[in-house]
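J.: Handing you a structure now.
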Amino acid sequence: MTKQYPGELEQMVLLAALQLRESAYAPDIGRELEKSASRRVSRGALYATLDRLEHKGFLRWEIEAATSERGGHRKRLFSVTATGLEVLKASRVALENLWNGLDDVFVESRR
Amino acid sequence: MTAKETNRTVRPPRLAQLFLRLSLPPGFRREAILGDFWEDYRYRWQSHSPWRARTWYWRELLAVSSRSWGARLSGLVRRRRGGSAPVDSPGKAPGGRPPLGGGSKISFARLLWKTLTEDIPYAFRNLLRSPGFTAVAVLSLALGMAPMTAIGSFVNAGFFRPLPHVEEQDRLVAIFRGVSAPVAWLDIQDVRQQVDALEDAAAYGLGLDLNLTTEQGTREIIGAEVSTNYFDVLGTPIALGRAFTESEGAPEAQPVTVIGHALWQELYAGDSQVLGRTIRLNGVDRTIIGVAAEGVLSPEQPIEYAALIPITQERAQERGWRGMASFGRLRDGANLEQVRTQLDVLSARLRQEHPDYWIDEYGRGDQFAVYPISALRVKPNYRYQIMMMVGLTVLLGVLVLATACSNLANLLLARGSKRGTEIAVRLAMGADRRTLVAMLLSESVVLGCAGGGLGLLVTHWATQALAAGRIGPDYGIDLTVDWRVFSFTAFVSVFTGVLFGLIPALQASSPDLTSALKGERTVFRRTRGVGLRNLLVVTQVAASLILLVSAGVVLRGLQQARSLDLGFEPEGVVAVQVDLRQGAYSADQGERLFADLLTRLSAAPQVDAAGLTVSVPFGNSRWMANVVPEGIERTSESEVLTDESYVTPEYFELMGMPIAQGQTFGPGDVEGDREVAVINETLAEMLWPGKSAVGKRFYRRDRTIEVVGVVRDARYGPPRGEQIRHIWLPFGQWYHESMFLMVKARGDIGAVVPIIRQVVSELDPELPMLEPRLMTTVINESSGDARIISALMAGAGLVALFLAVTGLYGVVSFIVSQRTHEVGVRVALGADRGKVVRMILLQGLRMTAVGIAVGLLAAFGLAHLLAAMIAAVNPLDPVAPLAGAAILLGAALLATLIPALRASRVDPMVALRHE
């Protein structure tokens, strides 16, 4: 059976959410992507990805209380599920396997 | 937004928030996303700029909402087809067209259902597939729609938006005297006691602004003097503290005030400890007893009051002092008719009890009038003028919209002919024509709504900028888009969509099947639909010409009015109103103060002369009186209505108004027993035709006055289509508490203003004084309305011109593309290229010429209408129509020349290869 891996943006979003640990809110995830991966993601794409990850069961969220800075609207705190961690690990393993033994190629090309 | 937006109150634009809310399905997710946006907006507002924050919000909002709408619509379509709603990939809308042919006639209900679930989503996808066309269409529609929505929001703010914080507004009525004259507070006291169809009635003073003195100095604020029951009758809440009590309306009561919400924020930063503090208004320290709720407005204008004070003045106890507007609240179950009947009874009683005030000098009795509360905003006797004004602006809007619609119809026609094959296939497979029309119309309605939405956004921003700039940040007219404006725009959008879509849809749905299916092109045959296109271009050209010419006519009128001889010299004269009405000045003290002012000012080296007048030429107010020559019986027919003014003797020389006969009044006249006046030539000729007026006498009410001098005619205001009659009476024999101080500068006019301020504040530091204004400014501003009209028209005209030119270009290009084949044949057969260019040019210019002819005729009619509204306009002025026609012709020539040249370069080999 073929294994399914999350897409590139999906992986980045999951990793960003993990990096943020206890403060994985949507705007912060967006900023983290911009900071660490130099990737500007429009809000439309970001929410769509978050929805998709949630649908696939890699991500879940809970509601937090509102603050006045947000006009009294409540917050969603995202966290990566066990399944999410598993697929990330699997994809890392797959990538590492694929990278294995290629060091000489890159050394070659650098020269 | 506005400058009052401080850190504390930073919030995303309301309209954008609403839009975002509507685009998302309800639930926690929506709330969280709204909050995320809010937070980021604030972050950007603080760290970048408000503008960046706003553009960011809109851009990201569009990114989120377009996905969301796409997902919802395609979900709708899939569900109907038995598929599952997409959740995993909301961004990707599936293809899927409405079934090609399908059955013969279908019921109307099914057609509607099909339109909503299939045609509209299909239209969305189809339009997104040709983004260039869609962008052009939506933009030109938005341009065309923006004036309409702007008019909508102004009319809404002025007339329809209910007053905020008013309880059961339909129970409020406006009470006037005569048709719409103000009333005396004592009359309203009688109304309160004797009209039991009314629960209660309140009154407020007209035209009394308040002077606020703070450590920074004295300035004018918008306030009102109100009866103590004002808040109760309106049914408006107090945000903090309490409203007035009945006893606070007594003349000897402690002075108190209720301040407005905005002033509370500004002066006290919203401090809740403000109650009991004092604020200096019109030179009196008043205790603040309450703060009105935010946005409590006058029932008359959509403007927030900065402060309200109770009527305590002694003259409010005089029946003759009629400076109040009044409104009442109907008792439960009572109606306007009952109030009217009871007021008639009361009027009759007042005529008996107080004939001095309720019966005029000709024995005509006065009476109360009652209307729904909206009459306070639109005075019954101005209704006609306001309707004219609104009608005119709506006409402008319609003309611009018409050009935009014609453009769109043209674009759709061209698109329709490109889609000819698709439509022919559908028809060939047995599609019902109604179904096809519905499908095509959906597309135009979707376009219409997109254009309307964008137009609404543009208007929203524009009107906010306008309101903020013109009326100041704190007391702005509330132009926010509410459901009325929204539904108006929605209606106009759908209507527009149907309007511009119907003809192309009908045309496209009846093609010549055989040739369309074969992909044939027409050779040497008139292309189908060209006649229709011509008509549309003619409409555009005509509409834009009407607008341009009208703008030109008004502008020319203004120019000519300015170049007319004024009859006096406004240069170097400064006018400033000195108003003693709110101070504690008796008439004697007032006269002394004014005399001191003049003496001190005249002594200043920077001042050439100083005088007083009760009304300024070209100013806002006009004083009028009835006079009758001595020896003639006074009847309403023999009376002559004339402008009048009270002035000091220096006034004539100061203003450069030359005396034609006799002399002006001297100091002796002012104190003497002999009542004197100066009149102008027009009045002299009217009262004593052919004779010298000097030494003659006339009656004015109960006084007999001798004419000592006649001055040359001058203009005293914007042109009104007749020469104005005028009398001047000496200030001294005639007193008024609010006078204009006129100062003529010796040398630099800028040096005079500080002198005036200094002299005024030396005499009384709290003396209410308005901003000094140059006479030349006063004159320029008097034509403000006409100037705004002409600017609006010129703006609309330019938009229409732009649309018309692009439309013309589009049509001629289309014709050229249709005739490429024909041109190829012609050239192959030896036609020279110049001839080809001429042929195409002529075809384009023929349309333009017809449009210009129609437009000139219509503009001629509109100019007459404008002349009725603005006296300066000369409807027969040839310059504006000629210039307008020339501009259009030039633009049209350019728009046709480019495609014509393209046609001449057609290579016969290429054109004929397809054969």
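A note on labels: chains of the structure tokens are A, B, ... as shown, every chain counts residues from 1, and ligands are counted from 1 in their shown order.
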Write down, as a PyMOL selection string, each residue of chain A that has any atom within 10 Å of an atom of chain B, counting only C-alpha atoms.
T.: chain A and resi 25-28+41-49+51-56+61-64+66-77
J.: Take the residues from that selection and put them in a file with N, CA and C atoms, as a compact mmCIF listing (two decimals), in the first residue's frame.
T.:
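Listed below is the output, part-v4.txt:
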```
# COMPACT_ATOMS: atom_id res chain seq x y z
N TYR A 25 -1.71 30.17 17.70
CA TYR A 25 -2.92 30.79 17.16
C TYR A 25 -2.69 31.05 15.68
N ALA A 26 -3.78 31.16 14.93
CA ALA A 26 -3.63 31.28 13.48
C ALA A 26 -2.70 32.42 13.03
N PRO A 27 -2.89 33.66 13.55
CA PRO A 27 -2.00 34.71 13.07
C PRO A 27 -0.53 34.44 13.42
N ASP A 28 -0.29 33.80 14.59
CA ASP A 28 1.09 33.51 14.98
C ASP A 28 1.70 32.46 14.08
N VAL A 41 2.03 33.64 3.51
CA VAL A 41 0.82 32.89 3.16
C VAL A 41 -0.38 33.80 3.37
N SER A 42 -1.24 33.89 2.38
CA SER A 42 -2.42 34.73 2.53
C SER A 42 -3.35 34.06 3.54
N ARG A 43 -4.17 34.90 4.18
CA ARG A 43 -5.09 34.38 5.17
C ARG A 43 -5.99 33.30 4.59
N GLY A 44 -6.40 33.52 3.34
CA GLY A 44 -7.28 32.54 2.70
C GLY A 44 -6.62 31.18 2.66
N ALA A 45 -5.36 31.15 2.21
CA ALA A 45 -4.65 29.88 2.09
C ALA A 45 -4.39 29.28 3.47
N LEU A 46 -4.05 30.14 4.43
CA LEU A 46 -3.74 29.64 5.77
C LEU A 46 -4.94 28.95 6.39
N TYR A 47 -6.10 29.64 6.36
CA TYR A 47 -7.29 29.03 6.96
C TYR A 47 -7.69 27.77 6.22
N ALA A 48 -7.56 27.80 4.90
CA ALA A 48 -7.92 26.61 4.13
C ALA A 48 -7.03 25.43 4.55
N THR A 49 -5.73 25.70 4.74
CA THR A 49 -4.81 24.63 5.14
C THR A 49 -5.15 24.12 6.53
N ASP A 51 -8.02 24.20 7.98
CA ASP A 51 -9.25 23.41 7.89
C ASP A 51 -8.96 22.01 7.36
N ARG A 52 -8.10 21.97 6.34
CA ARG A 52 -7.80 20.69 5.70
C ARG A 52 -7.08 19.76 6.68
N LEU A 53 -6.13 20.33 7.43
CA LEU A 53 -5.38 19.53 8.40
C LEU A 53 -6.30 19.01 9.50
N GLU A 54 -7.26 19.87 9.86
CA GLU A 54 -8.20 19.45 10.88
C GLU A 54 -9.07 18.31 10.34
N HIS A 55 -9.49 18.46 9.10
CA HIS A 55 -10.33 17.45 8.46
C HIS A 55 -9.60 16.11 8.37
N LYS A 56 -8.31 16.18 8.13
CA LYS A 56 -7.53 14.95 8.02
C LYS A 56 -7.17 14.38 9.39
N TRP A 61 -8.34 21.96 17.56
CA TRP A 61 -8.25 23.25 18.25
C TRP A 61 -9.23 23.31 19.40
N GLU A 62 -8.91 24.18 20.36
CA GLU A 62 -9.87 24.45 21.42
C GLU A 62 -10.05 25.96 21.54
N ILE A 63 -11.19 26.31 22.16
CA ILE A 63 -11.55 27.73 22.26
C ILE A 63 -10.96 28.33 23.52
N GLU A 64 -10.38 29.51 23.38
CA GLU A 64 -9.89 30.23 24.55
C GLU A 64 -10.70 31.50 24.75
N ALA A 66 -11.92 35.40 25.30
CA ALA A 66 -11.71 36.58 24.46
C ALA A 66 -10.87 37.61 25.18
N THR A 67 -10.20 38.49 24.41
CA THR A 67 -9.53 39.64 25.02
C THR A 67 -10.00 40.88 24.29
N SER A 68 -9.78 42.03 24.92
CA SER A 68 -10.31 43.26 24.32
C SER A 68 -9.54 43.62 23.05
N GLU A 69 -8.30 43.10 22.93
CA GLU A 69 -7.54 43.40 21.74
C GLU A 69 -8.15 42.81 20.48
N ARG A 70 -9.07 41.86 20.67
CA ARG A 70 -9.66 41.23 19.51
C ARG A 70 -11.12 41.59 19.40
N GLY A 71 -11.52 42.70 19.99
CA GLY A 71 -12.91 43.13 19.89
C GLY A 71 -13.87 42.14 20.51
N GLY A 72 -13.41 41.44 21.54
CA GLY A 72 -14.30 40.53 22.24
C GLY A 72 -14.53 39.21 21.54
N HIS A 73 -13.72 38.91 20.53
CA HIS A 73 -13.88 37.61 19.87
C HIS A 73 -12.96 36.59 20.53
N ARG A 74 -13.42 35.35 20.58
CA ARG A 74 -12.60 34.33 21.23
C ARG A 74 -11.52 33.81 20.28
N LYS A 75 -10.57 33.01 20.87
CA LYS A 75 -9.40 32.58 20.12
C LYS A 75 -9.44 31.08 19.91
N ARG A 76 -8.81 30.62 18.84
CA ARG A 76 -8.64 29.18 18.65
C ARG A 76 -7.17 28.84 18.89
N LEU A 77 -6.92 27.92 19.83
CA LEU A 77 -5.56 27.46 20.06
C LEU A 77 -5.40 26.11 19.37
```
J.: So which residues touch A:Gly84 within 8 Å, counting only C-alpha atoms, skipping near sequence neighbours fewer than 6 positions away, as a PyMOL selection string?
T.: chain A and resi 14+57-59
J.: Using only C-alpha atoms, which residues sit within 8 Å of A:Arg40 once same-chain residues fewer than 5 positions away are excluded, as an MDAnalysis selection string?
T.: chainID A and resid 30 33:34
J.: Go through B:Asp285, B:Asp877, B:Glu722, B:Glu737 and flag the residue nearest B:Thr214, using only C-alpha atoms for the distances.
T.: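 That would be B:Asp285, the residue with the smallest distance to B:Thr214.
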J.: I'd like the contact shell of A:Arg21 - 10 Å cut-off, only C-alpha atoms, skipping same-chain residues fewer than 6 positions apart - returned as a PyMOL selection string.
T.: chain A and resi 15+77-80
J.: For the selection just defined, write its residues with all heavy atoms to a file, as a PDB file, in the first residue's frame.
T.:
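Result file follows (selection_26.pdb):
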```pdb
ATOM      1  N   LEU A  15       4.567  22.028  11.513  1.00  0.00           N
ATOM      2  CA  LEU A  15       5.818  22.285  12.220  1.00  0.00           C
ATOM      3  C   LEU A  15       5.787  23.636  12.931  1.00  0.00           C
ATOM      4  O   LEU A  15       6.231  23.756  14.073  1.00  0.00           O
ATOM      5  CB  LEU A  15       6.991  22.221  11.236  1.00  0.00           C
ATOM      6  CG  LEU A  15       7.291  20.800  10.738  1.00  0.00           C
ATOM      7  CD1 LEU A  15       8.286  20.831   9.590  1.00  0.00           C
ATOM      8  CD2 LEU A  15       7.827  19.935  11.877  1.00  0.00           C
ATOM      9  N   LEU A  77      -6.925  27.922  19.830  1.00  0.00           N
ATOM     10  CA  LEU A  77      -5.559  27.459  20.061  1.00  0.00           C
ATOM     11  C   LEU A  77      -5.405  26.113  19.365  1.00  0.00           C
ATOM     12  O   LEU A  77      -6.140  25.167  19.644  1.00  0.00           O
ATOM     13  CB  LEU A  77      -5.301  27.326  21.554  1.00  0.00           C
ATOM     14  CG  LEU A  77      -3.923  26.792  21.909  1.00  0.00           C
ATOM     15  CD1 LEU A  77      -2.837  27.759  21.473  1.00  0.00           C
ATOM     16  CD2 LEU A  77      -3.816  26.545  23.409  1.00  0.00           C
ATOM     17  N   PHE A  78      -4.458  26.023  18.435  1.00  0.00           N
ATOM     18  CA  PHE A  78      -4.282  24.791  17.675  1.00  0.00           C
ATOM     19  C   PHE A  78      -3.263  23.894  18.348  1.00  0.00           C
ATOM     20  O   PHE A  78      -2.313  24.377  18.984  1.00  0.00           O
ATOM     21  CB  PHE A  78      -3.795  25.106  16.256  1.00  0.00           C
ATOM     22  CG  PHE A  78      -4.854  25.737  15.417  1.00  0.00           C
ATOM     23  CD1 PHE A  78      -5.006  27.120  15.395  1.00  0.00           C
ATOM     24  CD2 PHE A  78      -5.721  24.957  14.644  1.00  0.00           C
ATOM     25  CE1 PHE A  78      -5.985  27.707  14.636  1.00  0.00           C
ATOM     26  CE2 PHE A  78      -6.695  25.549  13.882  1.00  0.00           C
ATOM     27  CZ  PHE A  78      -6.833  26.918  13.877  1.00  0.00           C
ATOM     28  N   SER A  79      -3.474  22.588  18.221  1.00  0.00           N
ATOM     29  CA  SER A  79      -2.420  21.676  18.664  1.00  0.00           C
ATOM     30  C   SER A  79      -2.375  20.490  17.704  1.00  0.00           C
ATOM     31  O   SER A  79      -3.391  20.103  17.119  1.00  0.00           O
ATOM     32  CB  SER A  79      -2.671  21.223  20.100  1.00  0.00           C
ATOM     33  OG  SER A  79      -3.980  20.742  20.219  1.00  0.00           O
ATOM     34  N   VAL A  80      -1.177  19.934  17.537  1.00  0.00           N
ATOM     35  CA  VAL A  80      -0.978  18.826  16.605  1.00  0.00           C
ATOM     36  C   VAL A  80      -1.400  17.533  17.305  1.00  0.00           C
ATOM     37  O   VAL A  80      -1.016  17.275  18.450  1.00  0.00           O
ATOM     38  CB  VAL A  80       0.488  18.750  16.166  1.00  0.00           C
ATOM     39  CG1 VAL A  80       0.703  17.605  15.191  1.00  0.00           C
ATOM     40  CG2 VAL A  80       0.911  20.072  15.553  1.00  0.00           C
TER      41      VAL A  80
END
```
J.: Distance atom CA of B:Gly572-atom CA of B:Ile749, one decimal place?
T.: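 Between atom CA of B:Gly572 and atom CA of B:Ile749 the gap is 5.8 Å.
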J.: Just list the residues in chain A DSSP gives strand (DSSP E or B) on the backbone, as a list in words.
T.: Leu59, Arg60, Trp61, Glu62, Ile63, Glu64, Lys75, Arg76, Leu77, Phe78, Ser79 and Val80 of chain A
J.: In Å, with one decimal, what is the gap from atom CA of B:Asp713 to atom CA of B:Met775?
T.: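 It comes out at 18.1 Å.
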J.: How far is it from atom CA of B:Met847 to atom CA of B:Thr806, in Å with one decimal?
T.: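 Between these atoms lies a distance of 14.0 Å.
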J.: Tell me which protein, DNA and RNA residues are within 8 Å of A:Glu32, counting only C-alpha atoms, leaving out same-chain ones fewer than 4 positions away, and put them as a PDB file with C-alpha atoms, in the first residue's frame.
T.:
```pdb
ATOM      1  CA  ALA A  16       5.140  25.957  12.843  1.00  0.00           C
ATOM      2  CA  LEU A  20       4.902  27.773  18.847  1.00  0.00           C
ATOM      3  CA  ASP A  28       1.091  33.513  14.982  1.00  0.00           C
ATOM      4  CA  SER A  36      11.363  30.864   9.821  1.00  0.00           C
ATOM      5  CA  ALA A  37      10.551  29.788   6.295  1.00  0.00           C
TER       6      ALA A  37
END
```
